[in-house]
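One structure is given here, and the rest of the page talks about it.
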Amino acid sequence: MSNEFICLHCRHVWKARVAEYGDWKRRKCPNCGKRNTVEKDFYDKAVEEFANSLRTSPPPHPPTKPAISATYRLLVKMFPDSSPVKVLLDINKAARKRVRESASKQNQD
Ligand SMILES: [Zn+2]
C-alpha cells in the first residue's frame with residue numbers, strides 16, 4: 001500500500017510505501033533531499049483544522065482543540081524522536097499519570 005507524502009520545504013508531493021518511509025531519519029524528499037516530509041493526509045488534516053479555527057473562533061482566532069490535536073499528531077508523525085516532540089509526549093504522559101493519581105486518591109476518600 002502506498003500513501004502520498006509531502007515535503008514541507010519544497011511542496012513536492014509523491015507516493016511511497018509507508019513501510020519505506022516509517023523511519024523519519026532516513027526519509028528524504030526525492031525532489032530537494034530535505035527531511036521535512038510527512039504523509040500528506042496528516043498535513044492536510046492539520047491545515048483543515050486550523051482553517052476551521054480561523055473561521056469559527058473569534059479574534060484573535062486561537063486554535064481550536066481539533067486544530068491543536070491535528071498539529072500534535074502531525075509533529076509526532078514527522079519527527080517522533082525530536083526533542084520538541086519528546087517534550088510533548090512527556091507532558092502527555094505526566095498529565096495522564098496525574099489524572100490517574102487524583103482519580104485513585106478520590107476513590108480512597
Ligand atoms: Zn522537498
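Just so we're on the same page: first chain in the C-alpha cells is A, next is B, and so on; residues restart at 1 for each chain, and ligands are numbered from 1 in the order they show up.
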### Query
Which protein, DNA or RNA residues have an atom within 10 Å of ligand 1, counting only C-alpha atoms and all ligand atoms, as number ranges by chain?
A: 6-13, 28-37
Selection export as a PDB file, in the first residue's frame, atoms kept: C-alpha atoms:
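And here's result-v2.pdb as it stands now:
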```pdb
ATOM      1  CA  ILE A   6       4.508  15.933   1.060  1.00  0.00           C
ATOM      2  CA  CYS A   7       7.729  17.874   1.564  1.00  0.00           C
ATOM      3  CA  LEU A   8       7.119  20.984   3.665  1.00  0.00           C
ATOM      4  CA  HIS A   9      10.305  22.534   2.268  1.00  0.00           C
ATOM      5  CA  CYS A  10       9.638  22.440  -1.493  1.00  0.00           C
ATOM      6  CA  ARG A  11       5.964  21.273  -1.511  1.00  0.00           C
ATOM      7  CA  HIS A  12       6.790  18.270  -3.681  1.00  0.00           C
ATOM      8  CA  VAL A  13       4.147  15.502  -3.406  1.00  0.00           C
ATOM      9  CA  LYS A  28      14.131  12.398   2.362  1.00  0.00           C
ATOM     10  CA  CYS A  29      12.209  14.369  -0.213  1.00  0.00           C
ATOM     11  CA  PRO A  30      13.068  12.885  -3.627  1.00  0.00           C
ATOM     12  CA  ASN A  31      12.984  16.403  -5.089  1.00  0.00           C
ATOM     13  CA  CYS A  32      15.091  18.515  -2.691  1.00  0.00           C
ATOM     14  CA  GLY A  33      16.598  15.980  -0.276  1.00  0.00           C
ATOM     15  CA  LYS A  34      15.262  17.721   2.870  1.00  0.00           C
ATOM     16  CA  ARG A  35      13.749  15.735   5.714  1.00  0.00           C
ATOM     17  CA  ASN A  36      10.651  17.835   6.429  1.00  0.00           C
ATOM     18  CA  THR A  37       8.393  15.183   4.967  1.00  0.00           C
TER      19      THR A  37
END
```
Just want the 7 Å neighbourhood of range 71-86 of chain A, counted on only C-alpha atoms, with same-chain residues fewer than 3 positions away dropped. Output as a tab-separated table (two decimals) with C-alpha atoms, in the first residue's frame.
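out.tsv, written as the output of this step:
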```
chain	number	residue	atom	x	y	z
A	24	TRP	CA	11.84	9.70	9.60
A	37	THR	CA	8.39	15.18	4.97
A	38	VAL	CA	5.16	13.62	6.19
A	42	PHE	CA	-1.77	14.31	8.32
A	43	TYR	CA	-0.61	17.62	6.91
A	46	ALA	CA	-3.84	19.96	10.38
A	67	ALA	CA	-6.51	22.12	15.40
A	68	ILE	CA	-4.13	21.55	18.30
A	89	LEU	CA	4.97	13.24	24.83
A	90	ASP	CA	6.48	13.68	28.30
```
### Task
Enumerate, as a PyMOL selection string, the complete set of residues in chain A that a backbone-based DSSP assignment places in alpha helix (DSSP H).
chain A and resi 18-21+40-56+65-78+83-108
Please write the residues from the selection above to a file, keeping C-alpha atoms, as an mmCIF file, in the first residue's frame.
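Written output follows (part_27.cif):
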```
data_model
loop_
_atom_site.group_PDB
_atom_site.id
_atom_site.type_symbol
_atom_site.label_atom_id
_atom_site.label_comp_id
_atom_site.auth_asym_id
_atom_site.auth_seq_id
_atom_site.Cartn_x
_atom_site.Cartn_y
_atom_site.Cartn_z
ATOM 1 C CA VAL A 18 4.579 3.878 4.455
ATOM 2 C CA ALA A 19 6.873 0.990 5.459
ATOM 3 C CA GLU A 20 9.702 2.575 3.487
ATOM 4 C CA TYR A 21 9.017 5.972 4.978
ATOM 5 C CA LYS A 40 0.038 14.244 3.154
ATOM 6 C CA ASP A 41 -3.180 13.212 4.965
ATOM 7 C CA PHE A 42 -1.767 14.312 8.323
ATOM 8 C CA TYR A 43 -0.609 17.623 6.913
ATOM 9 C CA ASP A 44 -3.910 18.294 5.137
ATOM 10 C CA LYS A 45 -5.871 17.491 8.297
ATOM 11 C CA ALA A 46 -3.836 19.960 10.375
ATOM 12 C CA VAL A 47 -4.276 22.703 7.755
ATOM 13 C CA GLU A 48 -8.010 21.983 7.525
ATOM 14 C CA GLU A 49 -8.478 22.155 11.304
ATOM 15 C CA PHE A 50 -6.507 25.399 11.546
ATOM 16 C CA ALA A 51 -8.618 26.858 8.723
ATOM 17 C CA ASN A 52 -11.724 25.854 10.727
ATOM 18 C CA SER A 53 -10.217 27.667 13.739
ATOM 19 C CA LEU A 54 -9.845 30.839 11.725
ATOM 20 C CA ARG A 55 -13.445 30.579 10.552
ATOM 21 C CA THR A 56 -15.052 29.721 13.883
ATOM 22 C CA LYS A 65 -8.877 21.827 20.243
ATOM 23 C CA PRO A 66 -9.123 19.811 16.994
ATOM 24 C CA ALA A 67 -6.511 22.117 15.403
ATOM 25 C CA ILE A 68 -4.125 21.552 18.303
ATOM 26 C CA SER A 69 -4.743 17.788 18.251
ATOM 27 C CA ALA A 70 -4.167 17.563 14.492
ATOM 28 C CA THR A 71 -0.936 19.563 14.758
ATOM 29 C CA TYR A 72 0.239 17.404 17.645
ATOM 30 C CA ARG A 73 -0.350 14.252 15.578
ATOM 31 C CA LEU A 74 1.454 15.843 12.622
ATOM 32 C CA LEU A 75 4.525 16.645 14.747
ATOM 33 C CA VAL A 76 4.602 13.146 16.241
ATOM 34 C CA LYS A 77 4.363 11.682 12.720
ATOM 35 C CA MET A 78 7.033 13.952 11.264
ATOM 36 C CA SER A 83 13.364 16.990 21.293
ATOM 37 C CA PRO A 84 10.193 19.146 20.992
ATOM 38 C CA VAL A 85 8.058 16.064 20.333
ATOM 39 C CA LYS A 86 9.690 14.277 23.286
ATOM 40 C CA VAL A 87 8.670 17.234 25.468
ATOM 41 C CA LEU A 88 5.081 16.985 24.212
ATOM 42 C CA LEU A 89 4.973 13.240 24.828
ATOM 43 C CA ASP A 90 6.484 13.678 28.303
ATOM 44 C CA ILE A 91 3.848 16.283 29.235
ATOM 45 C CA ASN A 92 1.101 13.996 27.935
ATOM 46 C CA LYS A 93 2.434 11.046 29.966
ATOM 47 C CA ALA A 94 2.870 13.134 33.148
ATOM 48 C CA ALA A 95 -0.623 14.597 32.776
ATOM 49 C CA ARG A 96 -2.173 11.145 32.348
ATOM 50 C CA LYS A 97 -0.327 9.943 35.452
ATOM 51 C CA ARG A 98 -1.552 12.967 37.411
ATOM 52 C CA VAL A 99 -5.171 12.354 36.358
ATOM 53 C CA ARG A 100 -4.887 8.663 37.311
ATOM 54 C CA GLU A 101 -3.393 9.516 40.704
ATOM 55 C CA SER A 102 -6.003 12.141 41.561
ATOM 56 C CA ALA A 103 -8.775 9.736 40.482
ATOM 57 C CA SER A 104 -7.464 6.935 42.701
ATOM 58 C CA LYS A 105 -6.983 9.406 45.589
ATOM 59 C CA GLN A 106 -10.643 10.459 45.270
ATOM 60 C CA ASN A 107 -11.685 6.803 45.275
ATOM 61 C CA GLN A 108 -9.849 6.315 48.579
#
```
### Message
List the spatial neighbours of Asn3 in chain A as a ChimeraX atom specification - criterion: any atom at most 7 Å away, only C-alpha atoms, same-chain residues fewer than 2 positions off excluded.
### Response
/A:1,5,15-18,39
Any chance you could export the current selection's C-alpha atoms as a short mmCIF file (atom, residue, chain, number, x, y, z; two decimals), in the first residue's frame?
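Contents of the output file selection33.cif:
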```
data_model
loop_
_atom_site.label_atom_id
_atom_site.label_comp_id
_atom_site.auth_asym_id
_atom_site.auth_seq_id
_atom_site.Cartn_x
_atom_site.Cartn_y
_atom_site.Cartn_z
CA MET A 1 0.00 0.00 0.00
CA PHE A 5 3.80 12.20 1.09
CA LYS A 15 3.75 8.36 -3.50
CA ALA A 16 5.70 5.91 -1.37
CA ARG A 17 5.03 2.93 0.81
CA VAL A 18 4.58 3.88 4.45
CA GLU A 39 2.14 11.68 4.96
#
```
#### Entry: Sel. of strand (DSSP E or B) residues, chain A, as a PyMOL selection string
chain A and resi 2-7+13-17+37-39
